[in-house]
There are 2 protein chains.
Amino acid sequence: MSNAGQTITPSRSQRPKGEASAAPVVMVVDDDIDVRDSLRDLFDSVGIETELFASTGEFLDAGIPNRPCCLVLDLRMPGASGLDLQARLKELEKRVPVIFLTGYADVSTSVRAMKAGAVDFLPKPFRDQELLDAVGEALRIDVERRSGETAVSEVRKLADQLTPREVDVLRGVGRGLLNKQIAFELGITEITVKMHRSSAGRKLRVVSVADMVRKIELLKL
Amino acid sequence: MSNAGQTITPSRSQRPKGEASAAPVVMVVDDDIDVRDSLRDLFDSVGIETELFASTGEFLDAGIPNRPCCLVLDLRMPGASGLDLQARLKELEKRVPVIFLTGYADVSTSVRAMKAGAVDFLPKPFRDQELLDAVGEALRIDVERRSGETAVSEVRKLADQLTPREVDVLRGVGRGLLNKQIAFELGITEITVKMHRSSAGRKLRVVSVADMVRKIELLKL
DNA sequence: GTTCTCCCCATACCTTGGTATCTGGACAAC
DNA sequence: GTTGTCCAGATACCAAGGTATGGGGAGAAC
């Protein structure tokens, strides 16, 4: 399933699932080069790829890779702090699991970070294994989120081919109405409803009634 | 599931929805009577009911009320600590939102509490409003959880009237199979499948195909 | 024994769903 | 103008779902 030799085929956007199960990467944001280097060594030692950034700005410029990843973040940095970055990511709706590291920890900051959804919050000094455990958990969370999201986004991509009328009909189906009831509500004949329904089913690649109901749920129609 | 007032009104188990939207209550567990009293006064002042307990044991004996509630918990107490109680509740699968109060806070403890699912963690001294906000959030969470749970448990209650064969058939329906395919898989005729299917539908009070699919999903069949 | 539940099968009938193949109007893009 | 898309409709046919009303056998409970 690896994309190692894929340079020939431009299949990047054609197989998001392959991406989701690609090798994970840990992104480290810390202004201290010694910390960055030692973290890189730590993750190297267990065979986990890393990307290093000296500031939150540098990280945001690089963007978030399209594969399982998590963020190891120093709390206090010159300029934008770790908490700022966490908030910024939430604004941008980038849901990357975050692990905080900090030398100057206080309780209210740690609670704030955790309430904002951090996976872990490690005051220095910490044992290597603690961080590795946290990263393992964070990557697990990210893999799960990604698999869920690709499933949804694939259906959504199919769904935006739907015409307004097809959406109306699907909504009726989702509510458990019979074709004739949908027809009555929309002021059209049952035959036309069937037409839209089958057309919508084709577009959504529906293979059964159960499948159609599930996809309608997924799309929150 | 206490039987406290059962002698007078036997309506307890008959209206779970009513219970879920009943007046909320904050349960306070703290060994210091002064703290208990002042918290009671605080919640009284905003019209929120309280129940006070001097130890985790006392709280566990009383059981968890069948209405929206949350737990305000002192971290350090003689005997079982707040974290112990939190862990114990998880064991018992009692999902009550927990808010920690503590005078002797350290970061790793707060992170542990938050990772275990605490809603908030307030080091003393804190402002009254902080606690009230946290309680408001906790109660909101509990109300939501309860409404979701009653929906599931109602379907589940209907579902345990199903015979094994009916479950087999429903599983097939959930997988989007046609009646004849289900019949083939089970080694029976299509007519019998229809019989089980309609029987199961009656038992689950299904009103449409979409409804049946949703309930099958809900039951994770 | 009787009674009950669960499981299985069958015939018959009707409703609903799904598809194919037609027609036609409104409207926008070129 | 032509082309294309969306919407709406019709007729016909077949597959699938649903129900009603029969029947019978196995096993547990009484």
# chains A, B, ... in the order shown; residues from 1 in each chain; ligands from 1
$ interface_residues --of "chain B" --to "chain D" --cutoff "10 Å" --atoms "only C-alpha atoms (C1' of nucleotides)" --output "PyMOL selection string"
chain B and resi 178-180+194-195+197-198
$ write_last_selection --atoms "C-alpha atoms" --output "PDB file, in the first residue's frame"
ATOM      1  CA  LEU B 178     -32.541  -8.637  -0.867  1.00  0.00           C
ATOM      2  CA  ASN B 179     -34.947 -10.984   0.850  1.00  0.00           C
ATOM      3  CA  LYS B 180     -34.034 -13.756  -1.550  1.00  0.00           C
ATOM      4  CA  LYS B 194     -40.458 -12.062   4.786  1.00  0.00           C
ATOM      5  CA  MET B 195     -42.242 -13.537   7.764  1.00  0.00           C
ATOM      6  CA  ARG B 197     -38.772  -9.524   8.681  1.00  0.00           C
ATOM      7  CA  SER B 198     -42.301  -8.312   9.163  1.00  0.00           C
TER       8      SER B 198
END
$ residues_around --residues "Thr50 (chain B)" --least-positions-apart "5" --cutoff "7 Å" --atoms "only C-alpha atoms (C1' of nucleotides)" --output "JSON, numbers by chain"
{"B": [25, 26, 27, 40]}
$ interface_residues --of "chain A" --to "chain B" --cutoff "9 Å" --atoms "only C-alpha atoms" --output "PyMOL selection string"
chain A and resi 105-112+114-115+119-123+173-178+207-214+217
$ closest_atom_pairs --of "chain C" --to "chain A" --cutoff "10 Å" --atoms "only C-alpha atoms (C1' of nucleotides)" --output "JSON lines"
{"residue": "C:DT16", "atom": "C1'", "partner": "A:Leu178", "partner_atom": "CA", "distance": 8.1}
{"residue": "C:DG17", "atom": "C1'", "partner": "A:Lys194", "partner_atom": "CA", "distance": 8.1}
{"residue": "C:DG18", "atom": "C1'", "partner": "A:Ser198", "partner_atom": "CA", "distance": 7.5}
{"residue": "C:DT19", "atom": "C1'", "partner": "A:Ser198", "partner_atom": "CA", "distance": 8.8}
$ residues_around --residues "Gln129 (chain B)" --least-positions-apart "3" --cutoff "12 Å" --atoms "only C-alpha atoms (C1' of nucleotides)" --output "number ranges by chain"
B: 39, 42-43, 45-46, 122, 125-126, 132-136
$ write_last_selection --atoms "C-alpha atoms" --output "PDB file, in the first residue's frame"
ATOM      1  CA  LEU B  39     -20.806  25.357  47.652  1.00  0.00           C
ATOM      2  CA  LEU B  42     -23.376  29.156  45.865  1.00  0.00           C
ATOM      3  CA  PHE B  43     -25.609  26.763  43.949  1.00  0.00           C
ATOM      4  CA  SER B  45     -28.005  31.357  44.946  1.00  0.00           C
ATOM      5  CA  VAL B  46     -28.510  30.434  41.309  1.00  0.00           C
ATOM      6  CA  LEU B 122     -10.289  24.182  39.159  1.00  0.00           C
ATOM      7  CA  PRO B 125      -8.985  29.745  44.808  1.00  0.00           C
ATOM      8  CA  PHE B 126     -11.334  30.109  41.884  1.00  0.00           C
ATOM      9  CA  LEU B 132     -20.871  27.888  37.711  1.00  0.00           C
ATOM     10  CA  ASP B 133     -19.729  27.937  34.105  1.00  0.00           C
ATOM     11  CA  ALA B 134     -18.145  24.540  34.484  1.00  0.00           C
ATOM     12  CA  VAL B 135     -21.269  23.139  36.120  1.00  0.00           C
ATOM     13  CA  GLY B 136     -23.426  24.598  33.374  1.00  0.00           C
TER      14      GLY B 136
END
$ select_by_dssp --residues "region 90-191 of chain B" --states "strand (DSSP E or B)" --output "number ranges by chain"
B: 98-102, 120-123
$ atom_distance --atom1 "CA of Asp31 (chain B)" --atom2 "CA of Pro65 (chain B)"
20.8 Å
$ select_by_dssp --residues "region 16-201 of chain B" --states "helix (DSSP H, G or I)" --output "short mmCIF file (atom, residue, chain, number, x, y, z; two decimals) with N, CA, C and O atoms, in the first residue's frame"
data_model
loop_
_atom_site.label_atom_id
_atom_site.label_comp_id
_atom_site.auth_asym_id
_atom_site.auth_seq_id
_atom_site.Cartn_x
_atom_site.Cartn_y
_atom_site.Cartn_z
N PRO B 16 -39.02 7.90 31.49
CA PRO B 16 -37.59 8.23 31.45
C PRO B 16 -37.32 9.58 30.81
O PRO B 16 -36.40 10.28 31.19
N LYS B 17 -38.16 9.96 29.82
CA LYS B 17 -37.93 11.25 29.18
C LYS B 17 -38.19 12.38 30.15
O LYS B 17 -37.47 13.36 30.18
N GLY B 18 -39.25 12.22 30.91
CA GLY B 18 -39.55 13.24 31.92
C GLY B 18 -38.40 13.39 32.89
O GLY B 18 -37.98 14.49 33.20
N GLU B 19 -37.82 12.27 33.28
CA GLU B 19 -36.70 12.30 34.22
C GLU B 19 -35.52 13.04 33.61
O GLU B 19 -34.88 13.86 34.26
N ALA B 20 -35.26 12.75 32.35
CA ALA B 20 -34.08 13.32 31.72
C ALA B 20 -34.15 14.84 31.64
O ALA B 20 -33.14 15.52 31.68
N ILE B 33 -16.53 20.29 55.68
CA ILE B 33 -17.92 20.72 55.78
C ILE B 33 -18.10 22.18 55.41
O ILE B 33 -19.13 22.57 54.85
N ASP B 34 -17.07 22.99 55.67
CA ASP B 34 -17.17 24.40 55.30
C ASP B 34 -17.28 24.55 53.78
O ASP B 34 -18.06 25.36 53.27
N VAL B 35 -16.46 23.78 53.09
CA VAL B 35 -16.50 23.83 51.62
C VAL B 35 -17.88 23.38 51.13
O VAL B 35 -18.50 24.03 50.28
N ARG B 36 -18.37 22.28 51.69
CA ARG B 36 -19.69 21.78 51.27
C ARG B 36 -20.75 22.86 51.45
O ARG B 36 -21.55 23.12 50.55
N ASP B 37 -20.72 23.47 52.64
CA ASP B 37 -21.75 24.48 52.92
C ASP B 37 -21.65 25.66 51.96
O ASP B 37 -22.67 26.15 51.46
N SER B 38 -20.42 26.09 51.71
CA SER B 38 -20.32 27.28 50.88
C SER B 38 -20.69 26.95 49.43
O SER B 38 -21.27 27.78 48.72
N LEU B 39 -20.40 25.74 49.01
CA LEU B 39 -20.81 25.36 47.65
C LEU B 39 -22.32 25.26 47.56
O LEU B 39 -22.93 25.69 46.57
N ARG B 40 -22.92 24.70 48.62
CA ARG B 40 -24.38 24.62 48.61
C ARG B 40 -24.98 26.01 48.50
O ARG B 40 -25.91 26.24 47.73
N ASP B 41 -24.41 26.95 49.28
CA ASP B 41 -24.91 28.33 49.21
C ASP B 41 -24.77 28.90 47.81
O ASP B 41 -25.68 29.54 47.28
N LEU B 42 -23.61 28.63 47.21
CA LEU B 42 -23.38 29.16 45.87
C LEU B 42 -24.42 28.63 44.88
O LEU B 42 -25.05 29.40 44.14
N PHE B 43 -24.65 27.34 44.91
CA PHE B 43 -25.61 26.76 43.95
C PHE B 43 -27.04 27.17 44.29
O PHE B 43 -27.86 27.38 43.40
N ASP B 44 -27.32 27.27 45.61
CA ASP B 44 -28.64 27.79 46.01
C ASP B 44 -28.89 29.15 45.38
O ASP B 44 -29.98 29.46 44.91
N SER B 45 -27.83 29.97 45.39
CA SER B 45 -28.00 31.36 44.95
C SER B 45 -28.38 31.46 43.47
O SER B 45 -28.91 32.47 43.03
N THR B 56 -16.24 9.69 49.27
CA THR B 56 -16.60 8.98 48.04
C THR B 56 -17.50 7.79 48.35
O THR B 56 -18.42 7.48 47.60
N GLY B 57 -17.22 7.13 49.49
CA GLY B 57 -18.04 5.99 49.88
C GLY B 57 -19.49 6.38 50.07
O GLY B 57 -20.42 5.73 49.57
N GLU B 58 -19.69 7.48 50.77
CA GLU B 58 -21.04 7.97 51.02
C GLU B 58 -21.77 8.24 49.70
O GLU B 58 -22.94 7.92 49.53
N PHE B 59 -21.00 8.81 48.78
CA PHE B 59 -21.60 9.13 47.48
C PHE B 59 -22.00 7.85 46.73
O PHE B 59 -23.10 7.74 46.19
N LEU B 60 -21.09 6.89 46.72
CA LEU B 60 -21.37 5.66 45.98
C LEU B 60 -22.55 4.91 46.57
O LEU B 60 -23.33 4.29 45.85
N ASP B 61 -22.69 4.97 47.91
CA ASP B 61 -23.83 4.31 48.55
C ASP B 61 -25.15 4.92 48.09
O ASP B 61 -26.14 4.22 47.89
N ALA B 62 -25.13 6.23 47.94
CA ALA B 62 -26.38 6.91 47.59
C ALA B 62 -26.81 6.60 46.16
O ALA B 62 -28.00 6.61 45.84
N GLY B 82 -10.46 11.86 44.81
CA GLY B 82 -11.33 12.19 43.71
C GLY B 82 -11.01 11.39 42.46
O GLY B 82 -11.91 10.90 41.77
N LEU B 83 -9.73 11.25 42.17
CA LEU B 83 -9.33 10.47 41.00
C LEU B 83 -9.78 9.02 41.13
O LEU B 83 -10.18 8.39 40.16
N ASP B 84 -9.68 8.49 42.37
CA ASP B 84 -10.14 7.12 42.59
C ASP B 84 -11.62 7.00 42.25
O ASP B 84 -12.04 6.04 41.59
N LEU B 85 -12.38 7.98 42.72
CA LEU B 85 -13.82 7.93 42.46
C LEU B 85 -14.10 8.00 40.97
O LEU B 85 -14.95 7.27 40.44
N GLN B 86 -13.36 8.88 40.31
CA GLN B 86 -13.54 9.01 38.86
C GLN B 86 -13.28 7.67 38.16
O GLN B 86 -14.05 7.24 37.29
N ALA B 87 -12.20 7.01 38.59
CA ALA B 87 -11.87 5.72 38.00
C ALA B 87 -12.94 4.68 38.32
O ALA B 87 -13.33 3.87 37.46
N ARG B 88 -13.42 4.73 39.55
CA ARG B 88 -14.44 3.77 39.98
C ARG B 88 -15.72 3.93 39.15
O ARG B 88 -16.35 2.96 38.75
N LEU B 89 -16.09 5.18 38.90
CA LEU B 89 -17.30 5.45 38.11
C LEU B 89 -17.13 4.93 36.69
O LEU B 89 -18.07 4.40 36.10
N LYS B 90 -15.93 5.05 36.18
CA LYS B 90 -15.67 4.53 34.83
C LYS B 90 -15.83 3.01 34.82
O LYS B 90 -16.41 2.44 33.91
N GLU B 91 -15.31 2.37 35.87
CA GLU B 91 -15.47 0.92 36.01
C GLU B 91 -16.94 0.52 36.01
O GLU B 91 -17.35 -0.43 35.37
N VAL B 107 0.43 19.84 37.86
CA VAL B 107 0.07 19.70 36.45
C VAL B 107 -0.25 18.26 36.08
O VAL B 107 -1.25 17.99 35.42
N SER B 108 0.58 17.32 36.51
CA SER B 108 0.37 15.96 36.03
C SER B 108 -0.96 15.40 36.53
O SER B 108 -1.64 14.66 35.83
N THR B 109 -1.35 15.79 37.74
CA THR B 109 -2.63 15.33 38.25
C THR B 109 -3.78 15.92 37.43
O THR B 109 -4.73 15.23 37.05
N SER B 110 -3.68 17.20 37.13
CA SER B 110 -4.75 17.83 36.38
C SER B 110 -4.87 17.22 35.00
O SER B 110 -5.96 16.97 34.51
N VAL B 111 -3.72 16.94 34.38
CA VAL B 111 -3.76 16.34 33.05
C VAL B 111 -4.36 14.95 33.12
O VAL B 111 -5.16 14.56 32.27
N ARG B 112 -4.00 14.22 34.16
CA ARG B 112 -4.56 12.87 34.30
C ARG B 112 -6.08 12.94 34.43
O ARG B 112 -6.81 12.17 33.81
N ALA B 113 -6.54 13.87 35.25
CA ALA B 113 -7.98 14.02 35.45
C ALA B 113 -8.68 14.38 34.14
O ALA B 113 -9.72 13.83 33.80
N MET B 114 -8.09 15.32 33.42
CA MET B 114 -8.71 15.75 32.17
C MET B 114 -8.69 14.64 31.13
O MET B 114 -9.65 14.46 30.39
N LYS B 115 -7.57 13.89 31.08
CA LYS B 115 -7.50 12.78 30.13
C LYS B 115 -8.56 11.73 30.45
O LYS B 115 -9.09 11.06 29.57
N ASP B 128 -16.34 32.20 41.71
CA ASP B 128 -17.61 31.48 41.69
C ASP B 128 -18.09 31.23 40.27
O ASP B 128 -18.56 30.15 39.92
N GLN B 129 -17.93 32.27 39.45
CA GLN B 129 -18.46 32.16 38.09
C GLN B 129 -17.78 31.04 37.30
O GLN B 129 -18.39 30.38 36.48
N GLU B 130 -16.48 30.84 37.58
CA GLU B 130 -15.78 29.76 36.89
C GLU B 130 -16.43 28.41 37.18
O GLU B 130 -16.65 27.59 36.28
N LEU B 131 -16.75 28.20 38.45
CA LEU B 131 -17.37 26.93 38.82
C LEU B 131 -18.77 26.82 38.22
O LEU B 131 -19.15 25.77 37.70
N LEU B 132 -19.51 27.92 38.26
CA LEU B 132 -20.87 27.89 37.71
C LEU B 132 -20.84 27.61 36.20
O LEU B 132 -21.66 26.85 35.69
N ASP B 133 -19.88 28.21 35.54
CA ASP B 133 -19.73 27.94 34.10
C ASP B 133 -19.44 26.46 33.86
O ASP B 133 -20.03 25.83 32.98
N ALA B 134 -18.52 25.94 34.65
CA ALA B 134 -18.14 24.54 34.48
C ALA B 134 -19.34 23.63 34.75
O ALA B 134 -19.59 22.67 34.01
N VAL B 135 -20.09 23.95 35.79
CA VAL B 135 -21.27 23.14 36.12
C VAL B 135 -22.31 23.23 35.01
O VAL B 135 -22.93 22.23 34.62
N GLY B 136 -22.48 24.43 34.48
CA GLY B 136 -23.43 24.60 33.37
C GLY B 136 -23.04 23.71 32.20
O GLY B 136 -23.88 23.01 31.62
N GLU B 137 -21.78 23.72 31.87
CA GLU B 137 -21.28 22.89 30.78
C GLU B 137 -21.48 21.40 31.09
O GLU B 137 -21.93 20.63 30.25
N ALA B 138 -21.16 21.02 32.32
CA ALA B 138 -21.27 19.61 32.71
C ALA B 138 -22.72 19.15 32.63
O ALA B 138 -23.00 18.05 32.13
N LEU B 139 -23.63 19.98 33.10
CA LEU B 139 -25.05 19.60 33.06
C LEU B 139 -25.55 19.50 31.62
O LEU B 139 -26.31 18.59 31.28
N ARG B 140 -25.07 20.41 30.79
CA ARG B 140 -25.45 20.36 29.38
C ARG B 140 -25.01 19.04 28.76
O ARG B 140 -25.75 18.38 28.05
N ILE B 141 -23.77 18.65 29.09
CA ILE B 141 -23.24 17.38 28.57
C ILE B 141 -24.09 16.22 29.04
O ILE B 141 -24.43 15.31 28.29
N ASP B 142 -24.47 16.27 30.33
CA ASP B 142 -25.21 15.14 30.88
C ASP B 142 -26.60 15.04 30.27
O ASP B 142 -27.08 13.94 29.99
N VAL B 143 -27.23 16.17 30.06
CA VAL B 143 -28.56 16.16 29.45
C VAL B 143 -28.48 15.52 28.07
O VAL B 143 -29.29 14.67 27.70
N GLU B 144 -27.48 15.93 27.32
CA GLU B 144 -27.32 15.41 25.96
C GLU B 144 -27.08 13.90 25.99
O GLU B 144 -27.71 13.15 25.25
N ARG B 145 -26.18 13.48 26.86
CA ARG B 145 -25.89 12.05 26.96
C ARG B 145 -27.14 11.27 27.31
O ARG B 145 -27.44 10.24 26.71
N ARG B 146 -27.90 11.78 28.27
CA ARG B 146 -29.09 11.06 28.71
C ARG B 146 -30.11 10.93 27.59
O ARG B 146 -30.74 9.88 27.42
N SER B 147 -30.29 12.01 26.83
CA SER B 147 -31.31 11.93 25.78
C SER B 147 -30.89 10.90 24.74
O SER B 147 -31.70 10.15 24.24
N GLY B 148 -29.58 10.89 24.42
CA GLY B 148 -29.10 9.89 23.48
C GLY B 148 -29.28 8.48 24.02
O GLY B 148 -29.73 7.58 23.31
N GLU B 149 -28.99 8.31 25.30
CA GLU B 149 -29.06 6.97 25.88
C GLU B 149 -30.48 6.43 25.96
O GLU B 149 -30.71 5.26 25.73
N THR B 150 -31.42 7.31 26.30
CA THR B 150 -32.79 6.80 26.39
C THR B 150 -33.28 6.37 25.02
O THR B 150 -33.97 5.37 24.90
N ALA B 151 -32.90 7.10 23.98
CA ALA B 151 -33.30 6.72 22.63
C ALA B 151 -32.78 5.33 22.31
O ALA B 151 -33.50 4.46 21.83
N VAL B 152 -31.49 5.11 22.61
CA VAL B 152 -30.90 3.81 22.32
C VAL B 152 -31.53 2.72 23.17
O VAL B 152 -31.90 1.65 22.68
N SER B 153 -31.68 3.00 24.46
CA SER B 153 -32.14 1.93 25.35
C SER B 153 -33.58 1.56 25.07
O SER B 153 -33.98 0.42 25.27
N GLU B 154 -34.36 2.52 24.56
CA GLU B 154 -35.75 2.17 24.23
C GLU B 154 -35.79 1.18 23.08
O GLU B 154 -36.55 0.20 23.12
N VAL B 155 -34.97 1.44 22.07
CA VAL B 155 -34.92 0.51 20.95
C VAL B 155 -34.39 -0.84 21.41
O VAL B 155 -34.88 -1.89 21.03
N ARG B 156 -33.40 -0.79 22.28
CA ARG B 156 -32.79 -2.03 22.73
C ARG B 156 -33.80 -2.88 23.52
O ARG B 156 -33.81 -4.10 23.43
N LYS B 157 -34.63 -2.19 24.26
CA LYS B 157 -35.65 -2.89 25.04
C LYS B 157 -36.60 -3.61 24.10
O LYS B 157 -36.99 -4.76 24.35
N LEU B 158 -36.98 -2.94 23.02
CA LEU B 158 -37.83 -3.59 22.03
C LEU B 158 -37.09 -4.75 21.38
O LEU B 158 -37.67 -5.79 21.09
N ALA B 159 -35.77 -4.55 21.21
CA ALA B 159 -34.99 -5.51 20.43
C ALA B 159 -34.81 -6.84 21.16
O ALA B 159 -34.64 -7.86 20.52
N PRO B 164 -33.77 -15.23 17.68
CA PRO B 164 -32.47 -15.29 17.00
C PRO B 164 -32.61 -15.20 15.48
O PRO B 164 -31.82 -14.53 14.81
N ARG B 165 -33.61 -15.87 14.97
CA ARG B 165 -33.80 -15.89 13.52
C ARG B 165 -34.15 -14.51 13.00
O ARG B 165 -33.70 -14.10 11.91
N GLU B 166 -34.95 -13.79 13.74
CA GLU B 166 -35.31 -12.44 13.33
C GLU B 166 -34.07 -11.55 13.29
O GLU B 166 -33.91 -10.71 12.40
N VAL B 167 -33.19 -11.77 14.23
CA VAL B 167 -31.94 -11.00 14.24
C VAL B 167 -31.11 -11.32 13.00
O VAL B 167 -30.58 -10.42 12.36
N ASP B 168 -31.04 -12.61 12.65
CA ASP B 168 -30.32 -13.00 11.44
C ASP B 168 -30.85 -12.23 10.23
O ASP B 168 -30.08 -11.69 9.44
N VAL B 169 -32.16 -12.21 10.12
CA VAL B 169 -32.78 -11.55 8.96
C VAL B 169 -32.47 -10.05 8.98
O VAL B 169 -32.10 -9.47 7.96
N LEU B 170 -32.60 -9.43 10.14
CA LEU B 170 -32.34 -8.00 10.22
C LEU B 170 -30.90 -7.67 9.84
O LEU B 170 -30.63 -6.65 9.22
N ARG B 171 -30.00 -8.53 10.25
CA ARG B 171 -28.60 -8.32 9.88
C ARG B 171 -28.46 -8.28 8.37
O ARG B 171 -27.75 -7.44 7.81
N GLY B 172 -29.15 -9.18 7.71
CA GLY B 172 -29.12 -9.19 6.25
C GLY B 172 -29.68 -7.90 5.67
O GLY B 172 -29.11 -7.31 4.76
N VAL B 173 -30.79 -7.45 6.24
CA VAL B 173 -31.40 -6.20 5.78
C VAL B 173 -30.41 -5.06 5.95
O VAL B 173 -30.24 -4.24 5.05
N GLY B 174 -29.75 -5.03 7.08
CA GLY B 174 -28.79 -3.98 7.36
C GLY B 174 -27.64 -3.98 6.35
O GLY B 174 -27.09 -2.94 6.04
N ASN B 179 -34.37 -9.87 0.09
CA ASN B 179 -34.95 -10.98 0.85
C ASN B 179 -34.47 -12.33 0.32
O ASN B 179 -34.16 -13.24 1.10
N LYS B 180 -34.42 -12.46 -0.99
CA LYS B 180 -34.03 -13.76 -1.55
C LYS B 180 -32.57 -14.08 -1.24
O LYS B 180 -32.22 -15.23 -1.04
N GLN B 181 -31.75 -13.04 -1.17
CA GLN B 181 -30.34 -13.28 -0.83
C GLN B 181 -30.21 -13.70 0.63
O GLN B 181 -29.43 -14.59 0.97
N ILE B 182 -30.97 -13.05 1.47
CA ILE B 182 -30.97 -13.44 2.88
C ILE B 182 -31.43 -14.88 3.01
O ILE B 182 -30.84 -15.69 3.74
N ALA B 183 -32.47 -15.21 2.27
CA ALA B 183 -33.01 -16.57 2.30
C ALA B 183 -31.94 -17.58 1.91
O ALA B 183 -31.75 -18.60 2.58
N PHE B 184 -31.21 -17.24 0.86
CA PHE B 184 -30.17 -18.14 0.40
C PHE B 184 -29.09 -18.33 1.47
O PHE B 184 -28.68 -19.44 1.78
N GLU B 185 -28.67 -17.20 2.06
CA GLU B 185 -27.61 -17.28 3.07
C GLU B 185 -28.04 -18.12 4.27
O GLU B 185 -27.24 -18.82 4.88
N LEU B 186 -29.31 -17.99 4.64
CA LEU B 186 -29.78 -18.70 5.82
C LEU B 186 -30.27 -20.11 5.48
O LEU B 186 -30.63 -20.88 6.37
N GLU B 190 -37.61 -17.55 0.70
CA GLU B 190 -37.83 -16.12 0.76
C GLU B 190 -39.08 -15.79 1.59
O GLU B 190 -39.12 -14.79 2.30
N ILE B 191 -40.07 -16.64 1.49
CA ILE B 191 -41.32 -16.39 2.22
C ILE B 191 -41.06 -16.35 3.71
O ILE B 191 -41.57 -15.49 4.44
N THR B 192 -40.26 -17.26 4.18
CA THR B 192 -39.95 -17.30 5.62
C THR B 192 -39.18 -16.05 6.03
O THR B 192 -39.39 -15.50 7.12
N VAL B 193 -38.29 -15.61 5.15
CA VAL B 193 -37.56 -14.38 5.45
C VAL B 193 -38.53 -13.22 5.62
O VAL B 193 -38.45 -12.45 6.59
N LYS B 194 -39.46 -13.12 4.68
CA LYS B 194 -40.46 -12.06 4.79
C LYS B 194 -41.19 -12.13 6.11
O LYS B 194 -41.48 -11.12 6.74
N MET B 195 -41.52 -13.35 6.52
CA MET B 195 -42.24 -13.54 7.76
C MET B 195 -41.44 -12.98 8.94
O MET B 195 -41.95 -12.18 9.72
N HIS B 196 -40.19 -13.40 9.03
CA HIS B 196 -39.35 -12.93 10.13
C HIS B 196 -39.17 -11.42 10.06
O HIS B 196 -39.18 -10.73 11.07
N ARG B 197 -39.01 -10.95 8.86
CA ARG B 197 -38.77 -9.52 8.68
C ARG B 197 -39.96 -8.69 9.15
O ARG B 197 -39.80 -7.71 9.88
N SER B 198 -41.14 -9.10 8.76
CA SER B 198 -42.30 -8.31 9.16
C SER B 198 -42.54 -8.46 10.66
O SER B 198 -42.93 -7.51 11.33
N SER B 199 -42.28 -9.66 11.17
CA SER B 199 -42.44 -9.87 12.61
C SER B 199 -41.46 -8.99 13.39
O SER B 199 -41.83 -8.35 14.37
N ALA B 200 -40.23 -8.96 12.93
CA ALA B 200 -39.22 -8.13 13.60
C ALA B 200 -39.59 -6.66 13.49
O ALA B 200 -39.44 -5.89 14.45
N GLY B 201 -40.09 -6.28 12.34
CA GLY B 201 -40.50 -4.89 12.14
C GLY B 201 -41.59 -4.50 13.14
O GLY B 201 -41.56 -3.41 13.71
#
$ decode --residues "region 39-47 of chain A" --atoms "N, CA, C and O atoms" --output "tab-separated table (two decimals), in the first residue's frame"
chain	number	residue	atom	x	y	z
A	39	LEU	N	14.33	15.56	19.94
A	39	LEU	CA	13.05	14.91	19.63
A	39	LEU	C	13.14	14.13	18.32
A	39	LEU	O	12.64	13.01	18.21
A	40	ARG	N	13.84	14.74	17.36
A	40	ARG	CA	14.00	14.02	16.08
A	40	ARG	C	14.73	12.71	16.31
A	40	ARG	O	14.34	11.66	15.79
A	41	ASP	N	15.77	12.77	17.14
A	41	ASP	CA	16.52	11.54	17.43
A	41	ASP	C	15.62	10.50	18.09
A	41	ASP	O	15.66	9.32	17.76
A	42	LEU	N	14.80	10.99	19.03
A	42	LEU	CA	13.91	10.06	19.74
A	42	LEU	C	12.98	9.36	18.77
A	42	LEU	O	12.85	8.13	18.77
A	43	PHE	N	12.34	10.14	17.90
A	43	PHE	CA	11.38	9.54	16.98
A	43	PHE	C	12.09	8.69	15.92
A	43	PHE	O	11.56	7.66	15.50
A	44	ASP	N	13.28	9.13	15.51
A	44	ASP	CA	14.08	8.31	14.60
A	44	ASP	C	14.31	6.93	15.20
A	44	ASP	O	14.22	5.90	14.53
A	45	SER	N	14.58	6.92	16.49
A	45	SER	CA	14.96	5.67	17.14
A	45	SER	C	13.83	4.65	17.13
A	45	SER	O	14.06	3.45	17.27
A	46	VAL	N	12.60	5.11	16.97
A	46	VAL	CA	11.48	4.17	16.88
A	46	VAL	C	10.88	4.15	15.48
A	46	VAL	O	9.79	3.61	15.27
A	47	GLY	N	11.61	4.77	14.54
A	47	GLY	CA	11.19	4.67	13.13
A	47	GLY	C	10.00	5.53	12.77
A	47	GLY	O	9.25	5.18	11.87
